[in-house]
file data_19.pdb (PDB, C-alpha atoms and all ligand atoms)
ATOM      1  CA  MET U   1       4.557  25.232 -12.564  1.00  0.00           C
ATOM      2  CA  GLY U   2       2.078  24.031  -9.932  1.00  0.00           C
ATOM      3  CA  PRO U   3       2.102  25.087  -6.303  1.00  0.00           C
ATOM      4  CA  MET U   4       5.018  23.760  -4.312  1.00  0.00           C
ATOM      5  CA  VAL U   5       4.035  21.109  -1.783  1.00  0.00           C
ATOM      6  CA  VAL U   6       6.179  20.997   1.321  1.00  0.00           C
ATOM      7  CA  VAL U   7       5.461  18.034   3.521  1.00  0.00           C
ATOM      8  CA  ALA U   8       8.653  17.627   5.504  1.00  0.00           C
ATOM      9  CA  ASP U   9       6.985  19.489   8.322  1.00  0.00           C
ATOM     10  CA  ARG U  10       4.498  18.917  11.104  1.00  0.00           C
ATOM     11  CA  THR U  11       1.472  19.906   9.016  1.00  0.00           C
ATOM     12  CA  ALA U  12       1.346  16.629   7.047  1.00  0.00           C
ATOM     13  CA  ARG U  13      -0.869  14.116   8.795  1.00  0.00           C
ATOM     14  CA  TRP U  14      -2.538  10.816   8.030  1.00  0.00           C
ATOM     15  CA  ARG U  15      -6.308  10.678   8.318  1.00  0.00           C
ATOM     16  CA  PRO U  16      -8.926   8.147   7.194  1.00  0.00           C
ATOM     17  CA  ALA U  17      -9.569   8.344   3.447  1.00  0.00           C
ATOM     18  CA  ARG U  18     -13.047   9.549   2.453  1.00  0.00           C
ATOM     19  CA  LEU U  19     -15.115   8.956  -0.638  1.00  0.00           C
ATOM     20  CA  ASP U  20     -14.720  12.610  -1.590  1.00  0.00           C
ATOM     21  CA  ASP U  21     -10.936  12.041  -1.725  1.00  0.00           C
ATOM     22  CA  VAL U  22     -11.269   9.458  -4.478  1.00  0.00           C
ATOM     23  CA  ALA U  23     -10.613  11.727  -7.457  1.00  0.00           C
ATOM     24  CA  ARG U  24      -7.472  13.142  -5.830  1.00  0.00           C
ATOM     25  CA  ILE U  25      -6.155   9.781  -4.614  1.00  0.00           C
ATOM     26  CA  ALA U  26      -6.790   8.233  -8.038  1.00  0.00           C
ATOM     27  CA  GLY U  27      -5.068  11.185  -9.717  1.00  0.00           C
ATOM     28  CA  LEU U  28      -2.016  10.841  -7.476  1.00  0.00           C
ATOM     29  CA  SER U  29      -1.893   7.057  -7.789  1.00  0.00           C
ATOM     30  CA  ASN U  30      -2.259   7.096 -11.553  1.00  0.00           C
ATOM     31  CA  SER U  31       0.509   9.719 -11.808  1.00  0.00           C
ATOM     32  CA  ILE U  32       2.820   7.373  -9.845  1.00  0.00           C
ATOM     33  CA  HIS U  33       1.789   4.081 -11.454  1.00  0.00           C
ATOM     34  CA  THR U  34       1.546   5.320 -15.015  1.00  0.00           C
ATOM     35  CA  LEU U  35       1.766   1.773 -16.397  1.00  0.00           C
ATOM     36  CA  PHE U  36      -1.119   0.471 -14.250  1.00  0.00           C
ATOM     37  CA  PRO U  37      -3.894   3.076 -14.172  1.00  0.00           C
ATOM     38  CA  GLU U  38      -7.059   2.165 -12.267  1.00  0.00           C
ATOM     39  CA  ARG U  39     -10.550   3.647 -12.532  1.00  0.00           C
ATOM     40  CA  GLU U  40     -11.885   5.851  -9.732  1.00  0.00           C
ATOM     41  CA  GLU U  41     -14.524   3.273  -8.770  1.00  0.00           C
ATOM     42  CA  ILE U  42     -11.742   0.839  -7.882  1.00  0.00           C
ATOM     43  CA  PHE U  43     -10.413   3.276  -5.280  1.00  0.00           C
ATOM     44  CA  ALA U  44     -13.892   4.110  -3.989  1.00  0.00           C
ATOM     45  CA  GLU U  45     -14.752   0.459  -3.462  1.00  0.00           C
ATOM     46  CA  LYS U  46     -11.670  -0.145  -1.297  1.00  0.00           C
ATOM     47  CA  ILE U  47     -12.481   2.875   0.881  1.00  0.00           C
ATOM     48  CA  ARG U  48     -16.080   1.646   1.263  1.00  0.00           C
ATOM     49  CA  LEU U  49     -15.172  -1.980   1.996  1.00  0.00           C
ATOM     50  CA  SER U  50     -12.166  -1.332   4.223  1.00  0.00           C
ATOM     51  CA  PRO U  51     -12.213   2.151   5.764  1.00  0.00           C
ATOM     52  CA  ALA U  52      -9.786   1.065   8.503  1.00  0.00           C
ATOM     53  CA  GLY U  53      -7.200   0.187   5.846  1.00  0.00           C
ATOM     54  CA  CYS U  54      -7.448   3.326   3.708  1.00  0.00           C
ATOM     55  CA  HIS U  55      -5.784   6.587   4.703  1.00  0.00           C
ATOM     56  CA  ALA U  56      -4.771   9.850   3.060  1.00  0.00           C
ATOM     57  CA  LEU U  57      -1.740  11.982   3.915  1.00  0.00           C
ATOM     58  CA  GLU U  58      -2.978  15.556   3.923  1.00  0.00           C
ATOM     59  CA  SER U  59      -0.718  18.581   3.811  1.00  0.00           C
ATOM     60  CA  ASP U  60      -2.134  22.102   3.533  1.00  0.00           C
ATOM     61  CA  GLY U  61      -5.336  20.724   2.016  1.00  0.00           C
ATOM     62  CA  ASP U  62      -3.499  18.629  -0.590  1.00  0.00           C
ATOM     63  CA  ILE U  63      -3.389  14.847  -0.616  1.00  0.00           C
ATOM     64  CA  VAL U  64       0.280  13.948  -0.954  1.00  0.00           C
ATOM     65  CA  GLY U  65       0.180  10.259  -0.065  1.00  0.00           C
ATOM     66  CA  TYR U  66      -2.242   7.379   0.411  1.00  0.00           C
ATOM     67  CA  ILE U  67      -2.477   3.766   1.497  1.00  0.00           C
ATOM     68  CA  LEU U  68      -5.181   1.340   0.378  1.00  0.00           C
ATOM     69  CA  SER U  69      -5.352  -1.992   2.190  1.00  0.00           C
ATOM     70  CA  HIS U  70      -7.918  -4.588   3.182  1.00  0.00           C
ATOM     71  CA  PRO U  71      -8.393  -8.096   4.562  1.00  0.00           C
ATOM     72  CA  TRP U  72      -7.800 -10.700   1.841  1.00  0.00           C
ATOM     73  CA  ARG U  73      -6.633 -14.220   1.008  1.00  0.00           C
ATOM     74  CA  ARG U  74      -2.940 -15.060   0.819  1.00  0.00           C
ATOM     75  CA  HIS U  75      -1.262 -15.713  -2.535  1.00  0.00           C
ATOM     76  CA  SER U  76      -4.215 -14.095  -4.346  1.00  0.00           C
ATOM     77  CA  PRO U  77      -3.338 -10.630  -5.582  1.00  0.00           C
ATOM     78  CA  ALA U  78      -6.476  -9.221  -7.200  1.00  0.00           C
ATOM     79  CA  PRO U  79      -6.339  -8.337 -10.893  1.00  0.00           C
ATOM     80  CA  LEU U  80      -5.570  -4.640 -11.355  1.00  0.00           C
ATOM     81  CA  ASP U  81      -8.365  -2.209 -12.192  1.00  0.00           C
ATOM     82  CA  SER U  82     -11.001  -4.710 -11.113  1.00  0.00           C
ATOM     83  CA  LEU U  83     -13.593  -4.545  -8.331  1.00  0.00           C
ATOM     84  CA  LEU U  84     -13.129  -6.841  -5.340  1.00  0.00           C
ATOM     85  CA  GLY U  85     -16.878  -7.347  -5.011  1.00  0.00           C
ATOM     86  CA  ALA U  86     -16.724  -8.167  -1.313  1.00  0.00           C
ATOM     87  CA  LEU U  87     -14.166  -8.936   1.352  1.00  0.00           C
ATOM     88  CA  PRO U  88     -13.594 -12.659   1.979  1.00  0.00           C
ATOM     89  CA  ALA U  89     -15.334 -14.076   5.040  1.00  0.00           C
ATOM     90  CA  ASN U  90     -12.277 -16.261   5.669  1.00  0.00           C
ATOM     91  CA  ALA U  91      -9.540 -13.643   5.299  1.00  0.00           C
ATOM     92  CA  ASP U  92      -6.097 -14.949   6.194  1.00  0.00           C
ATOM     93  CA  CYS U  93      -4.018 -11.852   5.516  1.00  0.00           C
ATOM     94  CA  TRP U  94      -4.144  -8.081   5.468  1.00  0.00           C
ATOM     95  CA  TYR U  95      -3.316  -7.006   1.927  1.00  0.00           C
ATOM     96  CA  ILE U  96      -1.652  -3.694   1.092  1.00  0.00           C
ATOM     97  CA  HIS U  97      -2.926  -2.922  -2.382  1.00  0.00           C
ATOM     98  CA  ASP U  98      -0.916   0.269  -2.683  1.00  0.00           C
ATOM     99  CA  LEU U  99       1.132   2.723  -0.659  1.00  0.00           C
ATOM    100  CA  GLY U 100       2.054   5.767  -2.688  1.00  0.00           C
ATOM    101  CA  MET U 101       3.754   9.037  -1.873  1.00  0.00           C
ATOM    102  CA  GLY U 102       3.879  12.071  -4.126  1.00  0.00           C
ATOM    103  CA  PRO U 103       7.416  13.050  -5.109  1.00  0.00           C
ATOM    104  CA  GLY U 104       7.567  15.868  -2.532  1.00  0.00           C
ATOM    105  CA  ALA U 105       6.406  13.579   0.288  1.00  0.00           C
ATOM    106  CA  ARG U 106       9.026  10.865  -0.087  1.00  0.00           C
ATOM    107  CA  GLY U 107      11.782  10.345   2.403  1.00  0.00           C
ATOM    108  CA  THR U 108       9.807  11.974   5.212  1.00  0.00           C
ATOM    109  CA  GLY U 109       9.070   8.752   7.104  1.00  0.00           C
ATOM    110  CA  ALA U 110       5.328   9.211   6.593  1.00  0.00           C
ATOM    111  CA  ALA U 111       5.082   6.072   4.426  1.00  0.00           C
ATOM    112  CA  THR U 112       6.782   3.953   7.068  1.00  0.00           C
ATOM    113  CA  GLU U 113       4.591   5.471   9.794  1.00  0.00           C
ATOM    114  CA  ILE U 114       1.345   4.421   8.103  1.00  0.00           C
ATOM    115  CA  ALA U 115       2.715   1.028   7.033  1.00  0.00           C
ATOM    116  CA  GLY U 116       3.616   0.395  10.680  1.00  0.00           C
ATOM    117  CA  ARG U 117       0.123   1.370  11.815  1.00  0.00           C
ATOM    118  CA  ILE U 118      -1.465  -0.993   9.294  1.00  0.00           C
ATOM    119  CA  ILE U 119       0.876  -3.835  10.299  1.00  0.00           C
ATOM    120  CA  ARG U 120       0.095  -3.381  14.003  1.00  0.00           C
ATOM    121  CA  ALA U 121      -3.645  -3.282  13.273  1.00  0.00           C
ATOM    122  CA  ALA U 122      -3.382  -6.541  11.291  1.00  0.00           C
ATOM    123  CA  GLU U 123      -1.541  -8.074  14.213  1.00  0.00           C
ATOM    124  CA  ARG U 124      -4.296  -6.990  16.605  1.00  0.00           C
ATOM    125  CA  GLU U 125      -6.839  -8.612  14.259  1.00  0.00           C
ATOM    126  CA  GLY U 126      -4.979 -11.893  14.797  1.00  0.00           C
ATOM    127  CA  LEU U 127      -4.045 -12.301  11.120  1.00  0.00           C
ATOM    128  CA  PRO U 128      -0.923 -14.362  10.393  1.00  0.00           C
ATOM    129  CA  VAL U 129       0.618 -12.155   7.695  1.00  0.00           C
ATOM    130  CA  VAL U 130       0.509  -8.840   5.847  1.00  0.00           C
ATOM    131  CA  ALA U 131       0.829  -9.404   2.082  1.00  0.00           C
ATOM    132  CA  LEU U 132       1.487  -7.197  -0.943  1.00  0.00           C
ATOM    133  CA  VAL U 133       2.876  -7.058  -4.446  1.00  0.00           C
ATOM    134  CA  ALA U 134       5.901  -4.800  -4.697  1.00  0.00           C
ATOM    135  CA  VAL U 135       6.288  -3.105  -8.060  1.00  0.00           C
ATOM    136  CA  ALA U 136       8.919  -1.035  -9.794  1.00  0.00           C
ATOM    137  CA  GLY U 137      11.747  -1.804  -7.392  1.00  0.00           C
ATOM    138  CA  ALA U 138       9.772  -1.146  -4.197  1.00  0.00           C
ATOM    139  CA  ASP U 139      10.660  -4.641  -2.908  1.00  0.00           C
ATOM    140  CA  GLY U 140      13.825  -3.124  -1.409  1.00  0.00           C
ATOM    141  CA  TYR U 141      11.671  -0.774   0.660  1.00  0.00           C
ATOM    142  CA  TRP U 142       9.437  -3.608   1.911  1.00  0.00           C
ATOM    143  CA  ARG U 143      12.442  -5.814   2.746  1.00  0.00           C
ATOM    144  CA  LYS U 144      13.615  -3.068   5.098  1.00  0.00           C
ATOM    145  CA  LEU U 145      10.260  -3.371   6.892  1.00  0.00           C
ATOM    146  CA  GLY U 146      10.724  -7.135   7.248  1.00  0.00           C
ATOM    147  CA  PHE U 147       8.751  -8.425   4.237  1.00  0.00           C
ATOM    148  CA  GLY U 148      10.186 -11.340   2.275  1.00  0.00           C
ATOM    149  CA  GLU U 149       9.412 -12.762  -1.149  1.00  0.00           C
ATOM    150  CA  VAL U 150       7.073 -15.764  -1.242  1.00  0.00           C
ATOM    151  CA  VAL U 151       6.959 -17.994  -4.320  1.00  0.00           C
ATOM    152  CA  VAL U 152       4.075 -20.437  -4.751  1.00  0.00           C
ATOM    153  CA  ASP U 153       2.638 -22.294  -7.715  1.00  0.00           C
ATOM    154  CA  GLY U 154       0.310 -20.257  -9.876  1.00  0.00           C
ATOM    155  CA  LEU U 155       1.390 -16.895  -8.526  1.00  0.00           C
ATOM    156  CA  ALA U 156       3.676 -15.938 -11.406  1.00  0.00           C
ATOM    157  CA  ALA U 157       0.754 -15.788 -13.828  1.00  0.00           C
ATOM    158  CA  LYS U 158      -1.212 -13.494 -11.490  1.00  0.00           C
ATOM    159  CA  LEU U 159       1.813 -11.225 -11.076  1.00  0.00           C
ATOM    160  CA  ARG U 160       2.486 -10.779 -14.763  1.00  0.00           C
ATOM    161  CA  GLU U 161       0.150  -7.810 -15.166  1.00  0.00           C
ATOM    162  CA  TYR U 162       1.944  -6.009 -12.307  1.00  0.00           C
ATOM    163  CA  GLY U 163       5.099  -5.766 -14.422  1.00  0.00           C
ATOM    164  CA  ALA U 164       8.154  -7.916 -15.014  1.00  0.00           C
ATOM    165  CA  ASP U 165       9.743  -6.904 -11.692  1.00  0.00           C
ATOM    166  CA  ALA U 166       6.658  -7.524  -9.509  1.00  0.00           C
ATOM    167  CA  VAL U 167       7.383  -9.439  -6.287  1.00  0.00           C
ATOM    168  CA  TYR U 168       4.751 -11.053  -4.026  1.00  0.00           C
ATOM    169  CA  MET U 169       5.819 -10.518  -0.420  1.00  0.00           C
ATOM    170  CA  GLU U 170       4.601 -11.361   3.067  1.00  0.00           C
ATOM    171  CA  LEU U 171       5.426 -10.172   6.550  1.00  0.00           C
ATOM    172  CA  PRO U 172       4.765 -12.867   9.180  1.00  0.00           C
ATOM    173  CA  LEU U 173       3.003 -11.501  12.258  1.00  0.00           C
ATOM    174  CA  ALA U 174       3.292 -12.705  15.810  1.00  0.00           C
ATOM    175  CA  ALA U 175      -0.266 -14.076  15.645  1.00  0.00           C
ATOM    176  CA  GLY U 176       0.821 -16.517  12.959  1.00  0.00           C
ATOM    177  CA  GLY U 177       3.029 -18.337  15.399  1.00  0.00           C
ATOM    178  CA  GLU U 178       6.057 -17.761  13.190  1.00  0.00           C
ATOM    179  CA  PRO U 179       9.078 -15.761  14.297  1.00  0.00           C
ATOM    180  CA  ARG U 180       9.440 -12.282  12.852  1.00  0.00           C
ATOM    181  CA  PRO U 181      12.284 -12.088  10.338  1.00  0.00           C
TER
HETATM  182  C1  LIG U 201       7.851   3.078  -1.782  1.00  0.00           C
HETATM  183  C2  LIG U 201       7.502   4.429  -1.143  1.00  0.00           C
HETATM  184  C3  LIG U 201       6.078   4.370  -0.603  1.00  0.00           C
HETATM  185  C4  LIG U 201       8.484   4.694  -0.009  1.00  0.00           C
HETATM  186  O1  LIG U 201       8.191   5.946   0.514  1.00  0.00           O
HETATM  187  P1  LIG U 201       9.300   6.855   1.244  1.00  0.00           P
HETATM  188  O2  LIG U 201       8.682   8.192   1.441  1.00  0.00           O
HETATM  189  O3  LIG U 201      10.599   6.759   0.526  1.00  0.00           O
HETATM  190  O4  LIG U 201       9.460   6.088   2.640  1.00  0.00           O
HETATM  191  P2  LIG U 201       9.969   6.602   4.056  1.00  0.00           P
HETATM  192  O5  LIG U 201      10.352   8.024   4.048  1.00  0.00           O
HETATM  193  O6  LIG U 201       8.983   6.178   5.071  1.00  0.00           O
HETATM  194  O7  LIG U 201      11.251   5.656   4.240  1.00  0.00           O
HETATM  195  C5  LIG U 201      12.439   5.993   3.614  1.00  0.00           C
HETATM  196  C6  LIG U 201      13.406   4.828   3.714  1.00  0.00           C
HETATM  197  O8  LIG U 201      13.018   3.821   2.776  1.00  0.00           O
HETATM  198  C7  LIG U 201      14.079   3.615   1.863  1.00  0.00           C
HETATM  199  N1  LIG U 201      13.539   3.315   0.541  1.00  0.00           N
HETATM  200  C8  LIG U 201      12.603   4.007  -0.134  1.00  0.00           C
HETATM  201  N2  LIG U 201      12.361   3.400  -1.316  1.00  0.00           N
HETATM  202  C9  LIG U 201      13.173   2.316  -1.368  1.00  0.00           C
HETATM  203  C10 LIG U 201      13.409   1.293  -2.346  1.00  0.00           C
HETATM  204  N3  LIG U 201      12.757   1.249  -3.500  1.00  0.00           N
HETATM  205  N4  LIG U 201      14.310   0.333  -2.048  1.00  0.00           N
HETATM  206  C11 LIG U 201      15.002   0.337  -0.877  1.00  0.00           C
HETATM  207  N5  LIG U 201      14.819   1.287   0.084  1.00  0.00           N
HETATM  208  C12 LIG U 201      13.922   2.256  -0.185  1.00  0.00           C
HETATM  209  C13 LIG U 201      14.857   4.904   1.892  1.00  0.00           C
HETATM  210  O9  LIG U 201      16.186   4.694   1.453  1.00  0.00           O
HETATM  211  C14 LIG U 201      14.806   5.254   3.348  1.00  0.00           C
HETATM  212  O10 LIG U 201      15.697   4.457   4.088  1.00  0.00           O
HETATM  213  P3  LIG U 201      16.394   4.990   5.446  1.00  0.00           P
HETATM  214  O11 LIG U 201      15.266   5.277   6.405  1.00  0.00           O
HETATM  215  O12 LIG U 201      17.251   3.853   5.860  1.00  0.00           O
HETATM  216  O13 LIG U 201      17.123   6.226   5.054  1.00  0.00           O
HETATM  217  C15 LIG U 201       7.633   5.578  -2.176  1.00  0.00           C
HETATM  218  O14 LIG U 201       8.922   5.580  -2.716  1.00  0.00           O
HETATM  219  C16 LIG U 201       6.644   5.512  -3.325  1.00  0.00           C
HETATM  220  O15 LIG U 201       5.538   6.029  -3.231  1.00  0.00           O
HETATM  221  N6  LIG U 201       7.055   4.906  -4.437  1.00  0.00           N
HETATM  222  C17 LIG U 201       6.236   4.816  -5.617  1.00  0.00           C
HETATM  223  C18 LIG U 201       5.028   3.940  -5.393  1.00  0.00           C
HETATM  224  C19 LIG U 201       5.385   2.544  -5.018  1.00  0.00           C
HETATM  225  O16 LIG U 201       6.222   1.899  -5.649  1.00  0.00           O
HETATM  226  N7  LIG U 201       4.716   2.058  -3.971  1.00  0.00           N
HETATM  227  C20 LIG U 201       4.868   0.724  -3.499  1.00  0.00           C
HETATM  228  C21 LIG U 201       3.932  -0.141  -4.246  1.00  0.00           C
HETATM  229  S1  LIG U 201       4.206  -1.769  -3.729  1.00  0.00           S
END
call {"tool": "encode", "arguments": {"input": "data_19.pdb", "output": "structure tokens", "more": "lines below"}}
Ligand SMILES: CC(C)(COP(=O)(O)OP(=O)(O)OC[C@H]1O[C@@H](n2cnc3c(N)ncnc32)[C@H](O)[C@@H]1OP(=O)(O)O)[C@@H](O)C(=O)NCCC(=O)NCCS
result
Amino acid sequence: MGPMVVVADRTARWRPARLDDVARIAGLSNSIHTLFPEREEIFAEKIRLSPAGCHALESDGDIVGYILSHPWRRHSPAPLDSLLGALPANADCWYIHDLGMGPGARGTGAATEIAGRIIRAAEREGLPVVALVAVAGADGYWRKLGFGEVVVDGLAAKLREYGADAVYMELPLAAGGEPRP
């Protein structure tokens, strides 16, 4: 049995993700998303391209949660396990590629805390929406935060590799001129 990780306390805190976290974030992510493993370089690239959107939840020296997000184009979820190359010059959304909590870190509110910080930062950037693909039943979680499903032509094919229950979702921001749901 591995060491017990207790995060429902004040010692767990979000901090910017670093390149030397990549092996641990990839290990945690690939243990959560066993059907969609990604190579370490995929994680490293996101941290390099979008440091403001990538954070690690550290508790007693362990990484027990992470978020990876970056400016992107709406309705264009990137293929899994592939490099982005560069961020788009004409970004029209902030894209949450993944928010993952280790089993011992769930239900602590830490996920919602960092999602809220990312959403507020996207709003300050003047972007109209935050976008993501919810997998494995996580759409219920995102609906609670105000995200709604968006269906557009051509999206279903891009979503297929994310699993049969993948849902593309957006949260309209005040900057988009649309009312919040
Ligand atoms: C989705 C995830 C990040 C949520 O983390 P969490 O630690 O449960 O979130 P928080 O503690 O901040 O929030 C808990 C609240 O969300 C709700 N919630 C969590 N998962 C949910 C789900 N799948 N559907 C509906 N509600 C959900 C809880 O019931 C709780 O609600 P309450 O505050 O009304 O009691 C976490 O379950 C996870 O890492 N899942 C696996 C990876 C994943 O699917 N990530 C999303 C990829 S799109």
call {"tool": "resolve_selection", "arguments": {"input": "data_19.pdb", "expression": "the PyMOL selection byres (((chain U and resi 151) around 10) and not hetatm)", "output": "list in words"}}
result
His75, Gly148, Glu149, Val150, Val152, Asp153, Gly154, Leu155, Ala156, Val167, Tyr168 and Met169 of chain U
call {"tool": "residues_near_point", "arguments": {"input": "data_19.pdb", "point": "(-4.4, 4.2, -0.8)", "cutoff": "8 Å", "atoms": "only C-alpha atoms", "output": "list in words"}}
result
Ala17, Ile25, Ser29, Phe43, Cys54, His55, Ala56, Gly65, Tyr66, Ile67, Leu68, Ser69, His97, Asp98, Leu99 and Gly100 of chain U
call {"tool": "write_last_selection", "arguments": {"input": "data_19.pdb", "atoms": "C-alpha atoms", "output": "PDB file, in the coordinates of the input"}}
result
ATOM      1  CA  ALA U  17      -9.569   8.344   3.447  1.00  0.00           C
ATOM      2  CA  ILE U  25      -6.155   9.781  -4.614  1.00  0.00           C
ATOM      3  CA  SER U  29      -1.893   7.057  -7.789  1.00  0.00           C
ATOM      4  CA  PHE U  43     -10.413   3.276  -5.280  1.00  0.00           C
ATOM      5  CA  CYS U  54      -7.448   3.326   3.708  1.00  0.00           C
ATOM      6  CA  HIS U  55      -5.784   6.587   4.703  1.00  0.00           C
ATOM      7  CA  ALA U  56      -4.771   9.850   3.060  1.00  0.00           C
ATOM      8  CA  GLY U  65       0.180  10.259  -0.065  1.00  0.00           C
ATOM      9  CA  TYR U  66      -2.242   7.379   0.411  1.00  0.00           C
ATOM     10  CA  ILE U  67      -2.477   3.766   1.497  1.00  0.00           C
ATOM     11  CA  LEU U  68      -5.181   1.340   0.378  1.00  0.00           C
ATOM     12  CA  SER U  69      -5.352  -1.992   2.190  1.00  0.00           C
ATOM     13  CA  HIS U  97      -2.926  -2.922  -2.382  1.00  0.00           C
ATOM     14  CA  ASP U  98      -0.916   0.269  -2.683  1.00  0.00           C
ATOM     15  CA  LEU U  99       1.132   2.723  -0.659  1.00  0.00           C
ATOM     16  CA  GLY U 100       2.054   5.767  -2.688  1.00  0.00           C
TER      17      GLY U 100
END
call {"tool": "closest_residue", "arguments": {"input": "data_19.pdb", "among": "U:Tyr95, U:Phe147, U:Tyr141, U:Tyr162", "to": "ligand LIG 201 (chain U)", "atoms": "all atoms listed in the file"}}
result
U:Tyr141
call {"tool": "resolve_selection", "arguments": {"input": "data_19.pdb", "expression": "the PyMOL selection byres (((not hetatm)) within 7 of (chain U and resi 201))", "output": "MDAnalysis selection string"}}
result
chainID U and resid 32:33 98:102 105:113 132:141 144
call {"tool": "atom_distance", "arguments": {"input": "data_19.pdb", "atom1": "CA of Arg143 (chain U)", "atom2": "CA of Ala91 (chain U)"}}
result
23.5 Å
call {"tool": "atom_distance", "arguments": {"input": "data_19.pdb", "atom1": "CA of Leu84 (chain U)", "atom2": "CA of Leu28 (chain U)"}}
result
21.0 Å
call {"tool": "closest_residue", "arguments": {"input": "data_19.pdb", "among": "U:Leu159, U:Ala115, U:Ala121, U:Ile42", "to": "Asp81 (chain U)", "atoms": "all atoms listed in the file"}}
result
U:Ile42
call {"tool": "closest_residue", "arguments": {"input": "data_19.pdb", "among": "U:Leu19, U:Ala86, U:Ile96, U:Leu49", "to": "Gly116 (chain U)", "atoms": "all atoms listed in the file"}}
result
U:Ile96
call {"tool": "atom_distance", "arguments": {"input": "data_19.pdb", "atom1": "CA of Ile47 (chain U)", "atom2": "CA of Ile114 (chain U)"}}
result
15.7 Å
call {"tool": "resolve_selection", "arguments": {"input": "data_19.pdb", "expression": "the PyMOL selection byres (((chain U and resi 120) around 12) and not hetatm)", "output": "list in words"}}
result
Gly53, Trp94, Glu113, Ile114, Ala115, Gly116, Arg117, Ile118, Ile119, Ala121, Ala122, Glu123, Arg124, Glu125, Gly126, Leu127, Pro128, Val129, Val130, Leu171, Pro172, Leu173, Ala174 and Ala175 of chain U
call {"tool": "closest_residue", "arguments": {"input": "data_19.pdb", "among": "U:Gly85, U:Pro51, U:Pro71, U:Gly61", "to": "Pro16 (chain U)", "atoms": "all atoms listed in the file"}}
result
U:Pro51
call {"tool": "residues_around", "arguments": {"input": "data_19.pdb", "residues": "Asp62 (chain U)", "least_positions_apart": "3", "cutoff": "9 Å", "atoms": "only C-alpha atoms", "output": "short mmCIF file (atom, residue, chain, number, x, y, z; two decimals) with C-alpha atoms, keeping the file's coordinate frame"}}
result
data_model
loop_
_atom_site.label_atom_id
_atom_site.label_comp_id
_atom_site.auth_asym_id
_atom_site.auth_seq_id
_atom_site.Cartn_x
_atom_site.Cartn_y
_atom_site.Cartn_z
CA VAL U 5 4.04 21.11 -1.78
CA ARG U 24 -7.47 13.14 -5.83
CA LEU U 57 -1.74 11.98 3.92
CA GLU U 58 -2.98 15.56 3.92
CA SER U 59 -0.72 18.58 3.81
#
call {"tool": "closest_residue", "arguments": {"input": "data_19.pdb", "among": "U:Leu35, U:Thr11, U:Ala131, U:Asp20", "to": "Pro77 (chain U)", "atoms": "only C-alpha atoms"}}
result
U:Ala131
call {"tool": "closest_residue", "arguments": {"input": "data_19.pdb", "among": "U:Ala52, U:Ser76, U:Ile63, U:Pro103", "to": "Val22 (chain U)", "atoms": "all atoms listed in the file"}}
result
U:Ile63
